[in-house]
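What follows is the content of work-v8.tsv (TSV, C-alpha atoms).
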chain	number	residue	atom	x	y	z
A	24	MET	CA	-9.12	-2.11	-14.74
A	25	HIS	CA	-5.54	-1.57	-15.85
A	26	SER	CA	-2.77	-0.31	-13.61
A	27	TYR	CA	-1.46	2.71	-15.48
A	28	LEU	CA	2.15	3.83	-15.49
A	29	ASP	CA	2.97	7.52	-15.09
A	30	PHE	CA	3.64	8.07	-18.79
A	31	GLU	CA	0.32	6.39	-19.64
A	32	LYS	CA	-1.74	9.14	-17.97
A	33	PRO	CA	-3.22	10.41	-21.28
A	34	VAL	CA	-4.59	6.91	-21.91
A	35	ALA	CA	-5.85	6.62	-18.34
A	36	ASP	CA	-7.75	9.90	-18.72
A	37	ILE	CA	-9.45	8.79	-21.93
A	38	GLU	CA	-10.37	5.35	-20.59
A	39	GLY	CA	-11.66	7.01	-17.43
A	40	LYS	CA	-14.07	9.06	-19.56
A	41	ILE	CA	-15.19	5.85	-21.29
A	42	GLN	CA	-16.02	4.30	-17.92
A	43	GLU	CA	-17.96	7.41	-16.93
A	44	LEU	CA	-20.02	7.28	-20.12
A	45	ARG	CA	-20.78	3.58	-19.62
A	46	ALA	CA	-21.88	4.27	-16.06
A	47	LEU	CA	-24.12	7.10	-17.31
A	48	ALA	CA	-25.67	4.84	-19.95
A	49	ALA	CA	-26.28	2.10	-17.40
A	50	GLU	CA	-27.97	4.58	-15.06
A	51	ASP	CA	-30.23	6.26	-17.61
A	52	GLY	CA	-30.84	3.26	-19.88
A	53	GLU	CA	-32.10	4.11	-23.36
A	54	ALA	CA	-32.53	7.78	-22.47
A	55	VAL	CA	-28.88	8.43	-23.27
A	56	ASN	CA	-27.09	6.98	-26.30
A	57	VAL	CA	-23.34	7.26	-25.86
A	58	ASP	CA	-22.20	4.50	-28.22
A	59	SER	CA	-20.79	6.85	-30.86
A	60	GLU	CA	-18.87	8.88	-28.29
A	61	ILE	CA	-17.48	5.71	-26.68
A	62	ASP	CA	-16.34	4.46	-30.08
A	63	ARG	CA	-14.62	7.76	-30.74
A	64	LEU	CA	-12.86	7.68	-27.37
A	65	LYS	CA	-11.82	4.06	-27.89
A	66	ALA	CA	-10.18	4.96	-31.18
A	67	LYS	CA	-8.46	7.93	-29.55
A	68	SER	CA	-7.24	5.75	-26.67
A	69	SER	CA	-5.86	3.14	-29.05
A	70	GLN	CA	-4.04	5.76	-31.11
A	71	THR	CA	-2.64	7.48	-28.02
A	72	LEU	CA	-1.37	4.17	-26.68
A	73	GLN	CA	0.27	3.37	-30.00
A	74	ASP	CA	1.93	6.79	-30.14
A	75	LEU	CA	3.34	6.28	-26.63
A	76	TYR	CA	4.63	2.73	-27.17
A	77	THR	CA	6.30	3.37	-30.50
A	78	LYS	CA	8.75	5.80	-28.88
A	79	LEU	CA	9.37	4.43	-25.39
A	80	THR	CA	12.55	5.58	-23.67
A	81	PRO	CA	14.79	3.01	-21.95
A	82	TRP	CA	13.46	4.17	-18.57
A	83	GLN	CA	9.86	3.78	-19.72
A	84	LYS	CA	10.68	0.28	-20.93
A	85	THR	CA	12.08	-0.41	-17.47
A	86	LEU	CA	8.75	0.60	-15.97
A	87	VAL	CA	6.88	-1.63	-18.42
A	88	ALA	CA	9.20	-4.56	-17.62
A	89	ARG	CA	8.35	-4.10	-13.94
A	90	HIS	CA	4.60	-3.61	-14.44
A	91	PRO	CA	2.72	-5.40	-11.64
A	92	ASP	CA	0.26	-6.98	-14.09
A	93	ARG	CA	2.95	-8.27	-16.46
A	94	PRO	CA	2.78	-12.08	-16.92
A	95	HIS	CA	5.39	-13.80	-14.79
A	96	ALA	CA	7.10	-17.17	-15.07
A	97	VAL	CA	4.17	-19.21	-13.74
A	98	ALA	CA	1.98	-17.81	-16.52
A	99	TYR	CA	4.49	-18.85	-19.19
A	100	ILE	CA	4.88	-22.31	-17.68
A	101	SER	CA	1.12	-22.74	-17.43
A	102	GLY	CA	0.61	-21.56	-21.01
A	103	LEU	CA	3.49	-23.38	-22.70
A	104	ILE	CA	4.51	-26.42	-20.67
A	105	GLU	CA	2.18	-29.41	-20.51
A	106	ASP	CA	2.29	-31.93	-17.65
A	107	PHE	CA	4.73	-29.75	-15.74
A	108	THR	CA	6.19	-31.57	-12.73
A	109	PRO	CA	8.05	-29.29	-10.29
A	110	LEU	CA	11.27	-30.49	-8.68
A	111	ALA	CA	12.11	-29.08	-5.26
A	112	GLY	CA	15.25	-28.62	-3.22
A	113	ASP	CA	18.96	-28.50	-3.87
A	114	ARG	CA	19.65	-31.70	-1.86
A	115	LYS	CA	22.01	-29.67	0.31
A	116	PHE	CA	20.12	-27.02	2.28
A	117	ALA	CA	16.55	-26.10	1.36
A	118	GLU	CA	13.92	-25.37	-1.25
A	119	ASP	CA	14.04	-21.90	-2.84
A	120	HIS	CA	10.66	-20.80	-4.19
A	121	ALA	CA	12.20	-17.89	-6.11
A	122	LEU	CA	13.46	-20.40	-8.67
A	123	ILE	CA	10.94	-22.82	-10.15
A	124	ALA	CA	12.40	-25.97	-11.70
A	125	GLY	CA	10.89	-29.06	-13.22
A	126	ILE	CA	10.20	-31.15	-16.29
A	127	GLY	CA	7.32	-31.20	-18.73
A	128	ARG	CA	6.44	-31.25	-22.41
A	129	PHE	CA	6.78	-28.29	-24.75
A	130	ARG	CA	4.74	-28.82	-27.91
A	131	GLY	CA	5.16	-32.57	-27.66
A	132	GLN	CA	8.85	-32.55	-26.71
A	133	SER	CA	10.07	-33.42	-23.21
A	134	VAL	CA	12.02	-30.51	-21.70
A	135	ALA	CA	13.57	-29.30	-18.47
A	136	VAL	CA	12.46	-25.89	-17.20
A	137	LEU	CA	14.03	-23.24	-14.98
A	138	ALA	CA	12.21	-20.03	-14.12
A	139	GLN	CA	12.54	-17.09	-11.77
A	140	GLU	CA	9.17	-16.13	-10.29
A	141	LYS	CA	8.48	-12.72	-8.71
A	142	GLY	CA	4.91	-13.32	-7.55
A	143	HIS	CA	1.80	-11.28	-8.36
A	144	ASP	CA	0.44	-10.22	-4.96
A	145	THR	CA	1.77	-9.70	-1.44
A	146	GLU	CA	1.49	-13.36	-0.43
A	147	THR	CA	3.15	-14.79	-3.54
A	148	ARG	CA	5.80	-12.08	-3.68
A	149	LEU	CA	6.88	-12.95	-0.15
A	150	LYS	CA	6.78	-16.66	-0.94
A	151	HIS	CA	8.94	-16.24	-4.04
A	152	ASN	CA	11.17	-13.58	-2.42
A	153	PHE	CA	10.34	-11.13	-5.24
A	154	GLY	CA	12.24	-13.37	-7.68
A	155	MET	CA	15.57	-12.91	-5.90
A	156	VAL	CA	17.18	-16.34	-5.85
A	157	ARG	CA	19.25	-17.64	-2.93
A	158	PRO	CA	22.24	-20.02	-3.24
A	159	GLU	CA	20.05	-23.08	-2.80
A	160	GLY	CA	17.99	-21.94	-5.79
A	161	TYR	CA	21.04	-21.83	-8.04
A	162	ARG	CA	22.20	-25.21	-6.72
A	163	LYS	CA	18.76	-26.57	-7.56
A	164	ALA	CA	19.24	-25.13	-11.06
A	165	VAL	CA	22.53	-27.00	-11.39
A	166	ARG	CA	20.84	-30.21	-10.28
A	167	VAL	CA	18.15	-29.84	-12.94
A	168	MET	CA	20.71	-28.93	-15.63
A	169	GLU	CA	22.67	-32.10	-14.83
A	170	MET	CA	19.46	-34.12	-15.01
A	171	ALA	CA	18.58	-32.51	-18.35
A	172	GLU	CA	21.90	-33.59	-19.80
A	173	ARG	CA	21.63	-37.08	-18.33
A	174	PHE	CA	18.23	-37.65	-19.95
A	175	ASP	CA	18.87	-35.59	-23.11
A	176	LEU	CA	16.24	-32.96	-22.35
A	177	PRO	CA	16.44	-29.50	-23.96
A	178	LEU	CA	16.47	-26.73	-21.35
A	179	ILE	CA	14.11	-23.75	-21.38
A	180	SER	CA	14.63	-20.95	-18.86
A	181	PHE	CA	12.49	-17.91	-18.09
A	182	VAL	CA	14.47	-15.01	-16.60
A	183	ASP	CA	12.79	-12.40	-14.42
A	184	THR	CA	14.74	-11.04	-11.47
A	185	SER	CA	16.09	-7.74	-10.24
A	186	GLY	CA	19.15	-9.68	-9.08
A	187	ALA	CA	20.27	-12.49	-6.80
A	188	TYR	CA	19.28	-12.15	-3.15
A	189	PRO	CA	21.96	-10.06	-1.35
A	190	GLY	CA	21.05	-11.01	2.23
A	191	ARG	CA	23.56	-12.00	4.88
A	192	GLY	CA	22.38	-15.61	5.01
A	193	ALA	CA	22.77	-15.96	1.25
A	194	GLU	CA	26.31	-14.62	1.39
A	195	GLU	CA	27.17	-16.98	4.27
A	196	ARG	CA	25.94	-19.94	2.20
A	197	GLY	CA	28.09	-19.00	-0.81
A	198	GLN	CA	25.93	-16.88	-3.08
A	199	SER	CA	28.68	-15.89	-5.54
A	200	GLU	CA	30.00	-19.46	-5.73
A	201	ALA	CA	26.50	-20.80	-6.40
A	202	ILE	CA	25.95	-18.24	-9.19
A	203	ALA	CA	29.32	-19.10	-10.74
A	204	ARG	CA	28.61	-22.84	-10.68
A	205	SER	CA	25.17	-22.35	-12.21
A	206	THR	CA	26.65	-20.16	-14.96
A	207	ASP	CA	29.35	-22.75	-15.62
A	208	ALA	CA	26.82	-25.58	-15.70
A	209	GLY	CA	24.75	-23.71	-18.29
A	210	LEU	CA	27.77	-23.05	-20.48
A	211	GLY	CA	28.82	-26.70	-20.36
A	212	LEU	CA	25.47	-28.29	-21.20
A	213	GLY	CA	25.49	-30.79	-24.05
A	214	VAL	CA	21.77	-30.31	-24.75
A	215	PRO	CA	20.11	-27.37	-26.53
A	216	SER	CA	19.13	-24.50	-24.27
A	217	VAL	CA	16.90	-21.48	-24.85
A	218	SER	CA	16.49	-18.61	-22.40
A	219	VAL	CA	13.81	-15.91	-22.49
A	220	VAL	CA	14.10	-12.67	-20.51
A	221	ILE	CA	10.42	-12.04	-19.79
A	222	GLY	CA	10.75	-9.02	-17.47
A	223	GLU	CA	13.92	-7.95	-15.71
A	224	GLY	CA	17.25	-9.65	-16.28
A	225	GLY	CA	19.33	-8.37	-13.41
A	226	SER	CA	23.08	-8.97	-13.30
A	227	GLY	CA	24.61	-12.34	-12.34
A	228	GLY	CA	21.34	-13.36	-10.78
A	229	ALA	CA	19.88	-13.53	-14.28
A	230	ILE	CA	22.83	-14.82	-16.28
A	231	ALA	CA	23.16	-17.79	-13.91
A	232	ILE	CA	20.26	-19.41	-15.80
A	233	ALA	CA	20.64	-17.49	-19.07
A	234	THR	CA	23.87	-18.94	-20.48
A	235	ALA	CA	21.93	-20.54	-23.32
A	236	ASN	CA	22.49	-21.34	-26.98
A	237	LYS	CA	19.71	-18.89	-27.83
A	238	VAL	CA	18.91	-15.91	-25.61
A	239	LEU	CA	15.63	-14.16	-26.39
A	240	MET	CA	14.03	-11.08	-24.87
A	241	MET	CA	10.48	-9.84	-24.75
A	242	GLU	CA	10.14	-6.57	-26.63
A	243	HIS	CA	9.78	-4.47	-23.48
A	244	ALA	CA	12.03	-6.49	-21.14
A	245	ILE	CA	15.36	-5.22	-19.82
A	246	TYR	CA	18.68	-7.02	-19.29
A	247	SER	CA	21.54	-5.33	-17.48
A	248	VAL	CA	24.60	-5.71	-15.27
A	249	ILE	CA	23.03	-3.42	-12.66
A	250	SER	CA	19.70	-1.69	-12.15
A	251	PRO	CA	19.37	1.89	-13.44
A	252	GLU	CA	18.85	3.06	-9.84
A	253	GLY	CA	21.99	1.25	-8.67
A	254	ALA	CA	24.09	2.64	-11.50
A	255	ALA	CA	22.83	6.17	-10.83
A	256	SER	CA	23.72	5.85	-7.14
A	257	ILE	CA	27.26	4.68	-7.96
A	258	LEU	CA	28.03	7.01	-10.87
A	259	TRP	CA	26.29	10.20	-9.78
A	260	ARG	CA	25.46	9.43	-6.13
A	261	ASP	CA	21.91	10.35	-7.07
A	262	SER	CA	19.25	7.69	-7.68
A	263	ALA	CA	17.09	10.38	-9.30
A	264	LYS	CA	19.34	10.06	-12.36
A	265	ALA	CA	18.05	6.53	-13.00
A	266	GLN	CA	16.55	7.66	-16.31
A	267	ASP	CA	19.97	8.79	-17.54
A	268	ALA	CA	21.52	5.54	-16.33
A	269	ALA	CA	18.89	3.47	-18.14
A	270	THR	CA	19.83	5.14	-21.42
A	271	ALA	CA	23.58	4.81	-20.85
A	272	LEU	CA	23.42	1.14	-19.83
A	273	LYS	CA	21.86	-0.04	-23.13
A	274	ILE	CA	19.42	-2.31	-21.33
A	275	THR	CA	16.63	-2.62	-23.90
A	276	ALA	CA	16.06	-5.61	-26.16
A	277	GLN	CA	16.59	-3.44	-29.23
A	278	ASP	CA	20.00	-2.19	-28.02
A	279	LEU	CA	21.14	-5.64	-26.92
A	280	LYS	CA	20.13	-7.26	-30.20
A	281	GLN	CA	22.18	-4.66	-32.05
A	282	LEU	CA	25.14	-5.32	-29.73
A	283	GLY	CA	24.89	-9.08	-30.25
A	284	VAL	CA	24.17	-9.87	-26.60
A	285	ILE	CA	20.83	-11.52	-27.41
A	286	ASP	CA	19.66	-13.53	-30.40
A	287	GLY	CA	16.08	-12.45	-30.88
A	288	ILE	CA	13.18	-10.28	-29.73
A	289	VAL	CA	9.70	-11.59	-28.96
A	290	ASN	CA	7.05	-9.10	-30.05
A	291	GLU	CA	4.58	-7.66	-27.56
A	292	PRO	CA	1.26	-6.00	-28.44
A	293	ILE	CA	0.88	-2.24	-28.28
A	294	GLY	CA	0.59	-1.43	-24.59
A	295	GLY	CA	2.84	-4.22	-23.34
A	296	ALA	CA	2.54	-7.87	-22.35
A	297	HIS	CA	0.09	-7.15	-19.53
A	298	ARG	CA	-2.58	-6.05	-22.00
A	299	ALA	CA	-2.66	-9.31	-23.97
A	300	ARG	CA	-1.15	-12.11	-21.92
A	301	GLU	CA	-2.25	-15.04	-24.08
A	302	ILE	CA	-0.93	-13.43	-27.27
A	303	VAL	CA	2.43	-12.67	-25.67
A	304	ILE	CA	2.84	-16.17	-24.24
A	305	ASP	CA	1.97	-17.69	-27.62
A	306	ASN	CA	4.50	-15.40	-29.33
A	307	ALA	CA	7.16	-16.57	-26.87
A	308	GLY	CA	6.25	-20.19	-27.55
A	309	LYS	CA	6.67	-19.72	-31.29
A	310	GLU	CA	10.12	-18.18	-30.86
A	311	ILE	CA	11.21	-20.91	-28.42
A	312	GLU	CA	10.03	-23.58	-30.85
A	313	LYS	CA	11.92	-21.90	-33.69
A	314	ALA	CA	15.11	-21.68	-31.61
A	315	LEU	CA	14.96	-25.33	-30.55
A	316	SER	CA	14.37	-26.45	-34.12
A	317	GLU	CA	17.49	-24.55	-35.24
A	318	LEU	CA	19.51	-26.45	-32.63
A	319	SER	CA	18.04	-29.89	-33.30
A	320	GLY	CA	20.35	-32.45	-34.84
A	321	LEU	CA	23.51	-30.97	-33.36
A	322	THR	CA	25.83	-33.23	-31.37
A	323	PRO	CA	26.64	-32.37	-27.73
A	324	ASP	CA	30.07	-31.09	-28.77
A	325	GLU	CA	28.57	-28.93	-31.52
A	326	ILE	CA	26.03	-27.53	-29.05
A	327	ARG	CA	28.78	-26.61	-26.57
A	328	LYS	CA	30.89	-25.09	-29.32
A	329	GLN	CA	28.01	-22.97	-30.65
A	330	ARG	CA	27.26	-21.68	-27.16
A	331	ARG	CA	30.90	-20.98	-26.36
A	332	GLU	CA	31.48	-19.07	-29.59
A	333	LYS	CA	28.27	-17.10	-29.05
A	334	PHE	CA	29.38	-15.75	-25.67
A	335	ILE	CA	33.03	-15.26	-26.63
A	336	SER	CA	32.00	-13.16	-29.64
A	337	ILE	CA	30.04	-10.66	-27.53
A	338	GLY	CA	31.79	-7.31	-27.65
A	339	ARG	CA	34.40	-8.36	-30.23
A	340	THR	CA	32.58	-7.08	-33.30
A	341	LEU	CA	31.72	-3.60	-32.08
A	342	SER	CA	32.95	-0.70	-34.19
With the file now loaded, output its structure as structure tokens.
Amino acid sequence: MHSYLDFEKPVADIEGKIQELRALAAEDGEAVNVDSEIDRLKAKSSQTLQDLYTKLTPWQKTLVARHPDRPHAVAYISGLIEDFTPLAGDRKFAEDHALIAGIGRFRGQSVAVLAQEKGHDTETRLKHNFGMVRPEGYRKAVRVMEMAERFDLPLISFVDTSGAYPGRGAEERGQSEAIARSTDAGLGLGVPSVSVVIGEGGSGGAIAIATANKVLMMEHAIYSVISPEGAASILWRDSAKAQDAATALKITAQDLKQLGVIDGIVNEPIGGAHRAREIVIDNAGKEIEKALSELSGLTPDEIRKQRREKFISIGRTLS
């Protein structure tokens, strides 16, 4: 059974009727033939879903990006990275499970991997701190980036966080400094790097591992300097205006591609990534492979120059 978002209620109603008909057929056996009606409702459900997803508002895309059944980082790592070996700890304070790091092989090529993991149920969400990374997580990211450069490993990062962890302990251990150093390390890498925003890309907590040569976004992901709710609270002192804030912030992949903030969009099936996980993960793999191939053959200096010019150009070509 799918978890339906509020705006998906028409689809939920139709699919509910389909379930009722199937239950009726199972109860009465051959006495009731409902196949033709089920086929009709399936076609109606598919068309309704397509109509909804071809005109999603920025706020609706935010809801899709946060969908509880959406594939998270561990699903992408499992589906795309062979022989993944996790690396733990920042060698200074502790292990941060919100940020997964390690090495593996992507389509035959050895790579380093960074990923923010939100978790999929209560236990894993608590373990991974809902994807909100602490300072030790970003220091672990720096450690893996340095290792990637030392061993000439391309870096792939999967971004999915509402923001860096804002707790008192994190601030006491230098959260802003850790984010800044991770951002700087990403910008200075001499190896190719590709980042994919798979769900939420929240503020500095996201960009700390997203300063890549190629930044991609899933079709229904969001990437912003602040959450719509946070912006609404600051601008209008009313979190109920989050829908207005989502539109004003230009947080969708389509807006950000037009603005030159990202380099590409990974297609999702009608209904979002949670309805066809394997297809979505394969689509992401194809785009990552394409991005890495475009960067192959460049020298470390050329890689740094391309990345630097990419980020410096953001906002300079707007009319």
- List the neighbours of Gly197 (chain A) out to 12 Å using all atoms listed in the file; skip same-chain residues closer than 6 positions along the sequence, and give me the result as a PyMOL selection string. chain A and resi 116+157-162+187-191+203-204
Return as a Markdown table the residues of region 277-336 of chain A lying at most 9 Å from region 215-231 of chain A, together with the closest atom-to-atom pair for each and the distance in Å to one decimal, counting all atoms listed in the file, with rows in chain order and ascending residue number.
| residue | atom | partner | partner_atom | distance |
| --- | --- | --- | --- | --- |
| A:Val289 | CA | A:Val219 | CA | 8.8 |
| A:Ala307 | CA | A:Val219 | CA | 8.0 |
| A:Ile311 | CA | A:Val217 | CA | 6.7 |
| A:Ala314 | CA | A:Val217 | CA | 7.0 |
| A:Leu315 | CA | A:Pro215 | CA | 6.8 |
| A:Leu318 | CA | A:Pro215 | CA | 6.2 |
| A:Ser319 | CA | A:Pro215 | CA | 7.5 |
| A:Leu321 | CA | A:Pro215 | CA | 8.4 |
| A:Pro323 | CA | A:Pro215 | CA | 8.3 |
| A:Ile326 | CA | A:Pro215 | CA | 6.4 |
| A:Arg327 | CA | A:Pro215 | CA | 8.7 |
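The coordinates place CA of Lys84 (chain A) at 5.5 Å from CA of His243 (chain A).
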- Message: I need the residue nearest Gln266 (chain A) from this list: A:Glu252, A:Glu140, A:Asp278, A:Glu291. Use all atoms listed in the file for the distance.
- Response: A:Glu252
- Message: Using all atoms listed in the file, which protein or nucleic acid residues come within 9 Å of region 24-31 of chain A? Drop anything in the same chain fewer than 2 positions from it, and give the result as a ChimeraX atom specification.
- Response: /A:33-36,71-72,75,83,86-87,90-92,297-298
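Atom to atom, CA of His151 (chain A) and CA of Ile123 (chain A) stand 9.2 Å apart.
Relative to CA of Leu137 (chain A), CA of Thr275 (chain A) is found at 22.6 Å.
Comparing the minimum interatomic distances between Arg114 (chain A) and each of A:Ile285, A:Lys163, A:Glu194, A:Ser336, counting only C-alpha atoms, we find that A:Lys163 sits nearest.
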Each residue of region 177-273 of chain A lying at most 9 Å from region 78-82 of chain A should get a row with its shortest atom-to-atom pair and the distance in Å to one decimal, counting all atoms listed in the file; could you produce that, ordered by chain and increasing number, as a tab-separated table?
residue	atom	partner	partner_atom	distance
A:Ile245	CA	A:Pro81	CA	8.5
A:Pro251	CA	A:Trp82	CA	8.2
A:Ala265	CA	A:Trp82	CA	7.6
A:Gln266	CA	A:Trp82	CA	5.2
A:Asp267	CA	A:Trp82	CA	8.0
A:Ala268	CA	A:Trp82	CA	8.5
A:Ala269	CA	A:Trp82	CA	5.5
A:Thr270	CA	A:Pro81	CA	5.5
A:Lys273	CA	A:Pro81	CA	7.8
Exercise on region 63-81 of chain A, axis-aligned box with 6 Å per side, report centre and edge lengths in Å to one decimal, as lines of an AutoDock Vina configuration file:
center_x = 0.1
center_y = 5.3
center_z = -26.6
size_x = 41.4
size_y = 17.2
size_z = 21.2
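For region 95-99 of chain A, the set of protein, DNA and RNA residues having any atom at most 9 Å away, when counting all atoms listed in the file and skipping those fewer than 2 positions along the same chain, is Asp92, Arg93, Ser101, Gly102, Leu103, Ile104, Ile123, Ala138, Gln139, Glu140, Lys141, Gly142, His143, Phe181, Val182, Asp183, Ile221, Gly222, Arg300, Ile304, Asp305, Ala307 and Gly308 of chain A.
Here the question is which of A:Ala263, A:Leu239, A:Val303, A:Met168 gets nearest to Asp113 (chain A) using all atoms listed in the file, and that residue is A:Met168.
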